[in-house]
Structure formats: structure tokens, C-alpha cells
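*Asks:* Before I ask anything, let me first share the structure, which is written out below as C-alpha cells.
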Amino acid sequence: MIFPTAQVMEVAAFGLRRRTLLKPERSHFTPYHEPVLLAQTLALLAPAPGKLFVDGTLGGGGHTEAFLQAGAQVIGIDQDPQALAFAGERLAAFGEQFVPVRANFEEVARVLDDLGIAGIDGALLDIGVSSWQLDTPERGFSFQENGPLDMRMNPDAPLSAADLVNTAPEGELIRIFREYGEETAARRIAQQIVHDREIRPLETTYDLVHSVEKVHPRRGRTHPATKVFQALRIAVNRELEVLNAALAAFAARLNPGGRFGVITFHSLEDRIVKTFFKARSVEWLDRPEWPAPRRNPEFQFRLLTPKPAIASEEEQSRNPRSRSAKLRVVEKSYGQ
């Protein structure tokens, strides 16, 4: 792995041979917010001494810290170097019990291969943008404060939100807003953006907000740009495509009895996770035209959450981000 602006350190991880990993430089940004659904995550994933976990969305390290405190060894993956820097400092006391790696979580197979690891006992994905990223205007994720129209979770990625809104054809913007934002005014908003960018490029979050507000004047509690910002963020970071690839990659690396949890925050992500888990949790398939049931060739899980775990009223009051969070968990079946 190659980390930009990093110092090399030697790490002996999980009893494997010593190898060179890279430690991000120290960070000086605002601490991350508390992890959502922490109690439910711990109860369902059951981290414990002797277990190897992968936190595919390390963020500020809140979930990982709880896994480490329970005695598990953890590989923390994140594509954001600032997240790695913060979590590296926060979790430094755990030493070789914790290994941070800069990567997209869809690359988990390569990450594990690089570490010489064949299987894992648990994994977690906390999908979407982090609270810190939303609260940092310089990252361009939020319509609440002005900043560059960026939205890249990996700051080295080639395409920013500004690139997209200023160069994508009108039809592509309509598709993005409809498909990823479920925005009913997608066509009119796309037309307005194309009109405005011909006058001057949309370079800041407020530039985009003003374009949206020309179509959707602000009324009520929900900001009119909410769905547009969500859609652009998903498109810029290929979030749904990455999620689909990652689900299969993580499932393939689970040891028998290993548990895999995914926390989502909107219906598009949750639908993908629900469908993937359900399709692989049914052992026998039966159709009217078949003479007898047939074994499901995709069967590999026991579904631990027939209904997703959600935040308690107390957590929702304390942490508003948890209000839309859903946790789904499966266990790898033995013999799979």
C-alpha cells in the first residue's frame, strides 16, 4: 500500500510475518462523532479475543475501538487519509492489535492478500459520508456551509462534484438526480444547472444550492438541495457500484461462523444490502414449475436480522444521525 505524506513503520500483524505498512502523518482536525448503533453492532457481531475483524469504513475509529476493547484484532480500511490519521492516533495504544490501511473497502480482497490473510471472523461496513466529512466545509459534502464543490471521499480521486455538474450532459444529470436522489424535480433542476453553468461554472456548494433553490424555493424543515447533494455524492464516489462489489468480496472472505454487518442510511443502500443478504440466506428454492425444491446455489448465510436493527429513541435523541440508520447482519453458514 502507498500512503501519501506518510511515514513507514514496521508492523507485526496478527501473528503474521513482519511487513512494511505506512502510518499517516498526525492530524489536527475535529474529532468524529459517536458511532451509530454501537450497542446493537457489538451484540450482533460479537467481537472477542482470538477473532479477526475488518472495519471497512474506519472513519473516526469508533466501531473499531469497541471491537479492540472487546479483544478482537482489527484491520481498519478507509480511503480518506484524514480519517486514517485521526483513527491511527486514537487507536495507537492498541499497538499491533490494530492495522490501518488506506483503500476503498471494495478492495478488501487485495488488502487481505497483501497481509497474507485468507479469512476473517467478522466485518462491518458503515456506509455513507461521515459526520466529520459533513461538518467540514472544505470537503464540500454539505449544503449548510459554503465550500468547494468537491464531495470526494478519496481526495485523490479524479472526479469531483464540480467536475460533474459543470461537464455532464443534461440527460446524465437528470439520471443521477432521479436514480441516486429520487428527486421528483430532476429534469427542471438539471435544466437550471445547465443554464447557470453557461453563465459561469458552479464552483462552490452555495453555487449549487442557489441553482436548486431557483427551482425549489426553501420551505419547511427539509432543505431543497438535500436529494441533489446525496445524488451527486453517490455518483462522485460510485457508492452503489462499490457497495455491490464489496458485499460479494467480504462474503467470500468470511470464515464459517463469521459475521458481517452493514449499516445504511438511505433506502437505495439498504435495498441492495437487504436483497444481497436475503438471496443468500435461503437454502432451498421452490417454484411451481419444478417437481421438487432445489438447493440455492448462492446459499451461504444465516440471517440474524430478519428486520434491521434501528436506534433506540434515546440514541436518536442524542445522535440525530442515527435516526435513519439500519443495521443488517448475517452469519456465514458452516460448510460454505
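Within each chain, counting starts at residue 1; across the C-alpha cells, chains are named A, B, ... in the order shown, with ligands numbered 1 upward in that order.
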Taking the DSSP assignment computed from this structure's backbone, write out as a ChimeraX atom specification all residues of segment 132-297 of chain A that belong to strand (DSSP E).
*Replies:* /A:254-264,284-285,294-295
*Asks:* For Leu112 of chain A, work out the shell of residues within 12 Å, counting only C-alpha atoms and skipping chain neighbours fewer than 2 positions away, then give it as a ChimeraX atom specification.
*Replies:* /A:1,13-14,16,52-54,56,74-77,99,101,103,105-110,114-120,249-250,252-254
*Asks:* Would you save the residues from that selection as a compact mmCIF listing (two decimals), in the first residue's frame, using N, CA and C atoms?
*Replies:*
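What follows is the written file selection-v7.txt:
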# COMPACT_ATOMS: atom_id res chain seq x y z
N MET A 1 0.84 -1.20 0.00
CA MET A 1 0.00 0.00 0.00
C MET A 1 0.87 1.25 0.00
N ALA A 13 1.58 -8.05 12.34
CA ALA A 13 0.13 -8.08 12.48
C ALA A 13 -0.38 -9.50 12.59
N PHE A 14 -1.17 -9.75 13.63
CA PHE A 14 -1.94 -10.96 13.78
C PHE A 14 -1.09 -12.22 13.70
N LEU A 16 1.42 -12.74 11.89
CA LEU A 16 1.98 -12.98 10.57
C LEU A 16 3.41 -12.48 10.52
N LEU A 52 -10.56 -12.10 14.26
CA LEU A 52 -10.00 -11.09 13.36
C LEU A 52 -11.14 -10.40 12.62
N PHE A 53 -11.23 -9.08 12.80
CA PHE A 53 -12.29 -8.30 12.18
C PHE A 53 -11.71 -7.34 11.14
N VAL A 54 -12.55 -6.98 10.18
CA VAL A 54 -12.25 -5.89 9.25
C VAL A 54 -13.33 -4.83 9.40
N GLY A 56 -14.44 -1.99 7.39
CA GLY A 56 -14.21 -1.49 6.04
C GLY A 56 -14.44 -0.01 5.87
N VAL A 74 -8.12 -6.01 14.60
CA VAL A 74 -8.90 -5.29 13.60
C VAL A 74 -8.00 -4.70 12.52
N ILE A 75 -8.40 -4.92 11.28
CA ILE A 75 -7.85 -4.20 10.14
C ILE A 75 -8.85 -3.11 9.80
N GLY A 76 -8.42 -1.86 9.86
CA GLY A 76 -9.29 -0.73 9.58
C GLY A 76 -8.99 -0.15 8.22
N ILE A 77 -9.98 -0.16 7.34
CA ILE A 77 -9.81 0.32 5.97
C ILE A 77 -10.55 1.64 5.79
N VAL A 99 -4.43 -2.55 12.65
CA VAL A 99 -3.68 -2.21 11.45
C VAL A 99 -4.53 -1.33 10.54
N VAL A 101 -5.26 0.65 7.02
CA VAL A 101 -4.87 0.52 5.61
C VAL A 101 -5.67 1.50 4.78
N ALA A 103 -7.43 2.30 1.62
CA ALA A 103 -8.00 1.63 0.45
C ALA A 103 -9.49 1.89 0.44
N PHE A 105 -13.12 0.11 0.45
CA PHE A 105 -13.48 -1.19 1.03
C PHE A 105 -13.82 -2.25 -0.02
N GLU A 106 -14.07 -1.85 -1.28
CA GLU A 106 -14.28 -2.84 -2.32
C GLU A 106 -12.98 -3.59 -2.63
N GLU A 107 -11.84 -3.05 -2.16
CA GLU A 107 -10.54 -3.67 -2.39
C GLU A 107 -10.14 -4.62 -1.26
N VAL A 108 -11.10 -5.07 -0.45
CA VAL A 108 -10.77 -5.88 0.73
C VAL A 108 -10.01 -7.14 0.37
N ALA A 109 -10.31 -7.76 -0.76
CA ALA A 109 -9.60 -8.99 -1.14
C ALA A 109 -8.11 -8.71 -1.33
N ARG A 110 -7.79 -7.62 -2.01
CA ARG A 110 -6.37 -7.28 -2.21
C ARG A 110 -5.71 -6.92 -0.89
N ASP A 114 -2.54 -8.90 0.57
CA ASP A 114 -1.29 -8.23 0.90
C ASP A 114 -0.81 -8.57 2.30
N LEU A 115 -1.75 -8.82 3.20
CA LEU A 115 -1.41 -9.16 4.58
C LEU A 115 -1.28 -10.67 4.80
N GLY A 116 -1.50 -11.44 3.74
CA GLY A 116 -1.39 -12.89 3.87
C GLY A 116 -2.51 -13.52 4.65
N ILE A 117 -3.71 -12.93 4.60
CA ILE A 117 -4.86 -13.40 5.39
C ILE A 117 -5.88 -14.03 4.45
N ALA A 118 -6.27 -15.26 4.75
CA ALA A 118 -7.23 -15.97 3.91
C ALA A 118 -8.67 -15.70 4.32
N GLY A 119 -8.96 -15.66 5.63
CA GLY A 119 -10.32 -15.50 6.09
C GLY A 119 -10.41 -14.63 7.32
N ILE A 120 -11.61 -14.08 7.55
CA ILE A 120 -11.83 -13.19 8.69
C ILE A 120 -13.05 -13.68 9.47
N ALA A 249 -17.29 -9.40 -2.06
CA ALA A 249 -15.89 -9.58 -1.66
C ALA A 249 -15.77 -9.92 -0.17
N PHE A 250 -16.52 -9.24 0.67
CA PHE A 250 -16.48 -9.52 2.11
C PHE A 250 -17.08 -10.90 2.39
N ALA A 252 -17.09 -13.50 0.60
CA ALA A 252 -16.18 -14.56 0.17
C ALA A 252 -15.06 -14.80 1.17
N ARG A 253 -14.74 -13.80 2.00
CA ARG A 253 -13.62 -13.93 2.94
C ARG A 253 -14.05 -14.28 4.35
N LEU A 254 -15.34 -14.40 4.60
CA LEU A 254 -15.80 -14.75 5.95
C LEU A 254 -15.50 -16.22 6.24
*Asks:* To one decimal place, how far is atom CA of Pro308 of chain A from atom CA of Val330 of chain A in Å?
*Replies:*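 Between these atoms lies a distance of 11.0 Å.
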*Asks:* Write down as a ChimeraX atom specification the residues of segment 44-258 of chain A whose backbone DSSP state falls under helix (DSSP H, G or I).
*Replies:* /A:44-45,62-69,81-90,92-97,105-114,131-135,137-139,161-167,170-181,186-199,205-215,226-237,239-253
*Asks:* Selected residues, C-alpha atoms, written as a JSON list (two decimals), in the first residue's frame, please.
*Replies:*
[["chain", "number", "residue", "atom", "x", "y", "z"],
["A", 44, "LEU", "CA", -24.75, -8.95, 16.77],
["A", 45, "LEU", "CA", -21.15, -9.13, 15.54],
["A", 62, "GLY", "CA", -15.46, 4.44, 16.99],
["A", 63, "HIS", "CA", -16.68, 0.99, 15.98],
["A", 64, "THR", "CA", -13.13, -0.29, 15.66],
["A", 65, "GLU", "CA", -12.24, 0.95, 19.14],
["A", 66, "ALA", "CA", -15.15, -1.04, 20.58],
["A", 67, "PHE", "CA", -14.02, -4.16, 18.67],
["A", 68, "LEU", "CA", -10.49, -3.73, 20.01],
["A", 69, "GLN", "CA", -11.71, -3.21, 23.57],
["A", 81, "PRO", "CA", -6.18, 9.89, 4.66],
["A", 82, "GLN", "CA", -7.51, 12.29, 7.29],
["A", 83, "ALA", "CA", -9.72, 9.57, 8.73],
["A", 84, "LEU", "CA", -6.74, 7.20, 8.86],
["A", 85, "ALA", "CA", -4.62, 9.82, 10.56],
["A", 86, "PHE", "CA", -7.21, 10.53, 13.23],
["A", 87, "ALA", "CA", -8.02, 6.86, 13.87],
["A", 88, "GLY", "CA", -4.32, 5.99, 13.91],
["A", 89, "GLU", "CA", -3.76, 8.47, 16.74],
["A", 90, "ARG", "CA", -6.90, 7.48, 18.60],
["A", 92, "ALA", "CA", -2.32, 3.89, 18.82],
["A", 93, "ALA", "CA", -2.44, 2.40, 22.32],
["A", 94, "PHE", "CA", -3.70, -0.90, 20.87],
["A", 95, "GLY", "CA", -0.39, -1.40, 19.05],
["A", 96, "GLU", "CA", -0.21, -4.37, 16.72],
["A", 97, "GLN", "CA", -3.79, -5.35, 17.55],
["A", 105, "PHE", "CA", -13.48, -1.19, 1.03],
["A", 106, "GLU", "CA", -14.28, -2.84, -2.32],
["A", 107, "GLU", "CA", -10.54, -3.67, -2.39],
["A", 108, "VAL", "CA", -10.77, -5.88, 0.73],
["A", 109, "ALA", "CA", -9.60, -8.99, -1.14],
["A", 110, "ARG", "CA", -6.37, -7.28, -2.21],
["A", 111, "VAL", "CA", -5.86, -5.81, 1.26],
["A", 112, "LEU", "CA", -6.18, -9.23, 2.87],
["A", 113, "ASP", "CA", -3.98, -10.85, 0.24],
["A", 114, "ASP", "CA", -1.29, -8.23, 0.90],
["A", 131, "SER", "CA", -20.31, 13.22, 10.35],
["A", 132, "TRP", "CA", -16.89, 14.84, 10.23],
["A", 133, "GLN", "CA", -16.90, 14.99, 6.45],
["A", 134, "LEU", "CA", -20.34, 16.61, 6.53],
["A", 135, "ASP", "CA", -19.21, 19.11, 9.14],
["A", 137, "PRO", "CA", -16.92, 22.80, 4.62],
["A", 138, "GLU", "CA", -13.64, 22.24, 2.79],
["A", 139, "ARG", "CA", -14.80, 18.76, 1.79],
["A", 161, "ALA", "CA", -18.82, 17.13, -7.82],
["A", 162, "ALA", "CA", -17.84, 20.40, -9.53],
["A", 163, "ASP", "CA", -16.45, 18.44, -12.48],
["A", 164, "LEU", "CA", -19.69, 16.52, -12.73],
["A", 165, "VAL", "CA", -22.16, 19.41, -12.53],
["A", 166, "ASN", "CA", -20.13, 21.55, -14.94],
["A", 167, "THR", "CA", -19.44, 18.94, -17.64],
["A", 170, "GLU", "CA", -28.21, 17.41, -19.04],
["A", 171, "GLY", "CA", -29.58, 13.90, -19.54],
["A", 172, "GLU", "CA", -26.89, 12.43, -17.31],
["A", 173, "LEU", "CA", -27.66, 14.92, -14.53],
["A", 174, "ILE", "CA", -31.35, 14.02, -14.78],
["A", 175, "ARG", "CA", -30.49, 10.33, -14.45],
["A", 176, "ILE", "CA", -28.23, 10.94, -11.43],
["A", 177, "PHE", "CA", -30.80, 13.06, -9.59],
["A", 178, "ARG", "CA", -33.60, 10.59, -10.29],
["A", 179, "GLU", "CA", -31.71, 7.36, -9.71],
["A", 180, "TYR", "CA", -29.50, 8.32, -6.77],
["A", 181, "GLY", "CA", -31.55, 11.09, -5.17],
["A", 186, "ALA", "CA", -34.74, 16.15, -11.51],
["A", 187, "ARG", "CA", -35.38, 17.45, -15.03],
["A", 188, "ARG", "CA", -36.05, 21.06, -14.01],
["A", 189, "ILE", "CA", -33.06, 21.13, -11.65],
["A", 190, "ALA", "CA", -30.75, 19.71, -14.32],
["A", 191, "GLN", "CA", -32.01, 22.28, -16.83],
["A", 192, "GLN", "CA", -31.37, 25.08, -14.33],
["A", 193, "ILE", "CA", -27.84, 23.84, -13.60],
["A", 194, "VAL", "CA", -27.02, 23.69, -17.33],
["A", 195, "HIS", "CA", -28.38, 27.21, -17.77],
["A", 196, "ASP", "CA", -26.41, 28.58, -14.81],
["A", 197, "ARG", "CA", -23.13, 26.91, -15.71],
["A", 198, "GLU", "CA", -23.23, 28.54, -19.15],
["A", 199, "ILE", "CA", -23.06, 31.89, -17.38],
["A", 205, "THR", "CA", -21.68, 24.33, -2.55],
["A", 206, "TYR", "CA", -23.64, 27.56, -2.37],
["A", 207, "ASP", "CA", -23.47, 27.91, -6.16],
["A", 208, "LEU", "CA", -25.24, 24.58, -6.45],
["A", 209, "VAL", "CA", -27.70, 25.41, -3.65],
["A", 210, "HIS", "CA", -28.68, 28.64, -5.41],
["A", 211, "SER", "CA", -29.34, 26.77, -8.65],
["A", 212, "VAL", "CA", -31.57, 24.27, -6.86],
["A", 213, "GLU", "CA", -33.42, 26.98, -4.95],
["A", 214, "LYS", "CA", -34.40, 28.65, -8.23],
["A", 215, "VAL", "CA", -36.46, 25.54, -8.90],
["A", 226, "THR", "CA", -30.81, 17.51, 0.14],
["A", 227, "LYS", "CA", -31.56, 14.95, -2.57],
["A", 228, "VAL", "CA", -29.36, 16.63, -5.17],
["A", 229, "PHE", "CA", -26.36, 16.65, -2.84],
["A", 230, "GLN", "CA", -26.99, 13.00, -1.93],
["A", 231, "ALA", "CA", -27.21, 12.02, -5.58],
["A", 232, "LEU", "CA", -24.03, 13.82, -6.58],
["A", 233, "ARG", "CA", -22.11, 12.34, -3.63],
["A", 234, "ILE", "CA", -23.21, 8.84, -4.60],
["A", 235, "ALA", "CA", -22.24, 9.42, -8.23],
["A", 236, "VAL", "CA", -18.86, 11.01, -7.47],
["A", 237, "ASN", "CA", -17.85, 8.18, -5.14],
["A", 239, "GLU", "CA", -21.15, 4.35, -3.84],
["A", 240, "LEU", "CA", -23.75, 1.87, -5.07],
["A", 241, "GLU", "CA", -21.36, 0.23, -7.50],
["A", 242, "VAL", "CA", -18.72, -0.07, -4.78],
["A", 243, "LEU", "CA", -21.26, -1.46, -2.30],
["A", 244, "ASN", "CA", -22.38, -4.19, -4.69],
["A", 245, "ALA", "CA", -18.79, -5.27, -5.31],
["A", 246, "ALA", "CA", -17.85, -5.08, -1.63],
["A", 247, "LEU", "CA", -20.72, -7.25, -0.41],
["A", 248, "ALA", "CA", -19.55, -10.17, -2.53],
["A", 249, "ALA", "CA", -15.89, -9.58, -1.66],
["A", 250, "PHE", "CA", -16.48, -9.52, 2.11],
["A", 251, "ALA", "CA", -18.83, -12.52, 1.98],
["A", 252, "ALA", "CA", -16.18, -14.56, 0.17],
["A", 253, "ARG", "CA", -13.62, -13.93, 2.94]]
*Asks:* Find the residues near segment 288-300 of chain A: any atom within 12 Å, counting only C-alpha atoms, skip ones fewer than 3 places away on the same chain, and give them as a PDB file with N, CA and C atoms, in the first residue's frame.
*Replies:*
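Final file, out.pdb:
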ATOM      1  N   ALA A 248     -20.028  -8.861  -2.072  1.00  0.00           N
ATOM      2  CA  ALA A 248     -19.551 -10.168  -2.533  1.00  0.00           C
ATOM      3  C   ALA A 248     -18.134 -10.437  -2.054  1.00  0.00           C
ATOM      4  N   ALA A 251     -18.194 -11.226   1.751  1.00  0.00           N
ATOM      5  CA  ALA A 251     -18.827 -12.516   1.977  1.00  0.00           C
ATOM      6  C   ALA A 251     -17.883 -13.664   1.646  1.00  0.00           C
ATOM      7  N   ALA A 252     -17.091 -13.499   0.596  1.00  0.00           N
ATOM      8  CA  ALA A 252     -16.183 -14.558   0.169  1.00  0.00           C
ATOM      9  C   ALA A 252     -15.064 -14.801   1.173  1.00  0.00           C
ATOM     10  N   ARG A 253     -14.736 -13.801   1.996  1.00  0.00           N
ATOM     11  CA  ARG A 253     -13.623 -13.926   2.936  1.00  0.00           C
ATOM     12  C   ARG A 253     -14.045 -14.276   4.354  1.00  0.00           C
ATOM     13  N   LEU A 254     -15.344 -14.396   4.600  1.00  0.00           N
ATOM     14  CA  LEU A 254     -15.798 -14.754   5.945  1.00  0.00           C
ATOM     15  C   LEU A 254     -15.501 -16.219   6.244  1.00  0.00           C
ATOM     16  N   ASN A 255     -14.941 -16.474   7.408  1.00  0.00           N
ATOM     17  CA  ASN A 255     -14.786 -17.843   7.880  1.00  0.00           C
ATOM     18  C   ASN A 255     -16.146 -18.403   8.275  1.00  0.00           C
ATOM     19  N   PRO A 256     -16.331 -19.726   8.281  1.00  0.00           N
ATOM     20  CA  PRO A 256     -17.581 -20.294   8.791  1.00  0.00           C
ATOM     21  C   PRO A 256     -17.860 -19.787  10.207  1.00  0.00           C
ATOM     22  N   GLY A 257     -19.070 -19.329  10.435  1.00  0.00           N
ATOM     23  CA  GLY A 257     -19.432 -18.733  11.716  1.00  0.00           C
ATOM     24  C   GLY A 257     -19.103 -17.254  11.809  1.00  0.00           C
ATOM     25  N   GLY A 258     -18.397 -16.717  10.811  1.00  0.00           N
ATOM     26  CA  GLY A 258     -18.073 -15.297  10.798  1.00  0.00           C
ATOM     27  C   GLY A 258     -19.306 -14.451  10.534  1.00  0.00           C
ATOM     28  N   ARG A 259     -19.321 -13.248  11.069  1.00  0.00           N
ATOM     29  CA  ARG A 259     -20.487 -12.372  10.951  1.00  0.00           C
ATOM     30  C   ARG A 259     -20.150 -11.093  10.201  1.00  0.00           C
ATOM     31  N   PHE A 260     -21.110 -10.638   9.416  1.00  0.00           N
ATOM     32  CA  PHE A 260     -20.925  -9.493   8.533  1.00  0.00           C
ATOM     33  C   PHE A 260     -22.108  -8.553   8.725  1.00  0.00           C
ATOM     34  N   PHE A 276     -29.173  -8.629  -1.176  1.00  0.00           N
ATOM     35  CA  PHE A 276     -27.993  -9.494  -1.188  1.00  0.00           C
ATOM     36  C   PHE A 276     -28.052 -10.505  -0.061  1.00  0.00           C
ATOM     37  N   PHE A 277     -28.330 -10.043   1.146  1.00  0.00           N
ATOM     38  CA  PHE A 277     -28.368 -10.943   2.301  1.00  0.00           C
ATOM     39  C   PHE A 277     -29.511 -11.962   2.169  1.00  0.00           C
ATOM     40  N   LYS A 278     -30.675 -11.498   1.749  1.00  0.00           N
ATOM     41  CA  LYS A 278     -31.831 -12.393   1.663  1.00  0.00           C
ATOM     42  C   LYS A 278     -31.609 -13.475   0.613  1.00  0.00           C
ATOM     43  N   ALA A 279     -31.045 -13.089  -0.536  1.00  0.00           N
ATOM     44  CA  ALA A 279     -30.840 -14.050  -1.617  1.00  0.00           C
ATOM     45  C   ALA A 279     -29.893 -15.166  -1.222  1.00  0.00           C
ATOM     46  N   ARG A 280     -29.013 -14.878  -0.269  1.00  0.00           N
ATOM     47  CA  ARG A 280     -28.007 -15.859   0.135  1.00  0.00           C
ATOM     48  C   ARG A 280     -28.307 -16.491   1.492  1.00  0.00           C
ATOM     49  N   SER A 281     -29.507 -16.241   2.002  1.00  0.00           N
ATOM     50  CA  SER A 281     -29.910 -16.810   3.297  1.00  0.00           C
ATOM     51  C   SER A 281     -31.024 -17.837   3.160  1.00  0.00           C
ATOM     52  N   VAL A 282     -31.419 -18.146   1.941  1.00  0.00           N
ATOM     53  CA  VAL A 282     -32.461 -19.135   1.684  1.00  0.00           C
ATOM     54  C   VAL A 282     -31.789 -20.387   1.129  1.00  0.00           C
ATOM     55  N   GLU A 283     -31.877 -21.496   1.867  1.00  0.00           N
ATOM     56  CA  GLU A 283     -31.156 -22.707   1.453  1.00  0.00           C
ATOM     57  C   GLU A 283     -31.848 -23.439   0.309  1.00  0.00           C
ATOM     58  N   TRP A 284     -33.173 -23.451   0.319  1.00  0.00           N
ATOM     59  CA  TRP A 284     -33.906 -24.193  -0.706  1.00  0.00           C
ATOM     60  C   TRP A 284     -34.845 -23.264  -1.453  1.00  0.00           C
ATOM     61  N   LEU A 285     -34.879 -23.430  -2.767  1.00  0.00           N
ATOM     62  CA  LEU A 285     -35.760 -22.654  -3.625  1.00  0.00           C
ATOM     63  C   LEU A 285     -36.841 -23.570  -4.183  1.00  0.00           C
ATOM     64  N   LEU A 303     -29.421 -15.498   8.342  1.00  0.00           N
ATOM     65  CA  LEU A 303     -29.814 -14.106   8.549  1.00  0.00           C
ATOM     66  C   LEU A 303     -30.106 -13.867  10.020  1.00  0.00           C
ATOM     67  N   VAL A 330     -25.511 -10.850   8.929  1.00  0.00           N
ATOM     68  CA  VAL A 330     -25.607 -12.268   8.580  1.00  0.00           C
ATOM     69  C   VAL A 330     -24.432 -13.012   9.197  1.00  0.00           C
ATOM     70  N   GLU A 331     -24.597 -14.331   9.305  1.00  0.00           N
ATOM     71  CA  GLU A 331     -23.533 -15.213   9.783  1.00  0.00           C
ATOM     72  C   GLU A 331     -23.231 -16.229   8.689  1.00  0.00           C
ATOM     73  N   LYS A 332     -21.959 -16.433   8.412  1.00  0.00           N
ATOM     74  CA  LYS A 332     -21.564 -17.400   7.393  1.00  0.00           C
ATOM     75  C   LYS A 332     -21.899 -18.812   7.865  1.00  0.00           C
ATOM     76  N   SER A 333     -22.627 -19.546   7.054  1.00  0.00           N
ATOM     77  CA  SER A 333     -23.034 -20.892   7.432  1.00  0.00           C
ATOM     78  C   SER A 333     -21.834 -21.831   7.405  1.00  0.00           C
ATOM     79  N   TYR A 334     -21.830 -22.786   8.284  1.00  0.00           N
ATOM     80  CA  TYR A 334     -20.776 -23.777   8.294  1.00  0.00           C
ATOM     81  C   TYR A 334     -20.921 -24.684   7.082  1.00  0.00           C
ATOM     82  N   GLY A 335     -19.794 -25.024   6.520  1.00  0.00           N
ATOM     83  CA  GLY A 335     -19.805 -25.846   5.320  1.00  0.00           C
ATOM     84  C   GLY A 335     -19.873 -25.039   4.047  1.00  0.00           C
ATOM     85  N   GLN A 336     -19.950 -23.693   4.173  1.00  0.00           N
ATOM     86  CA  GLN A 336     -20.000 -22.840   2.992  1.00  0.00           C
ATOM     87  C   GLN A 336     -18.602 -22.310   2.646  1.00  0.00           C
TER      88      GLN A 336
END
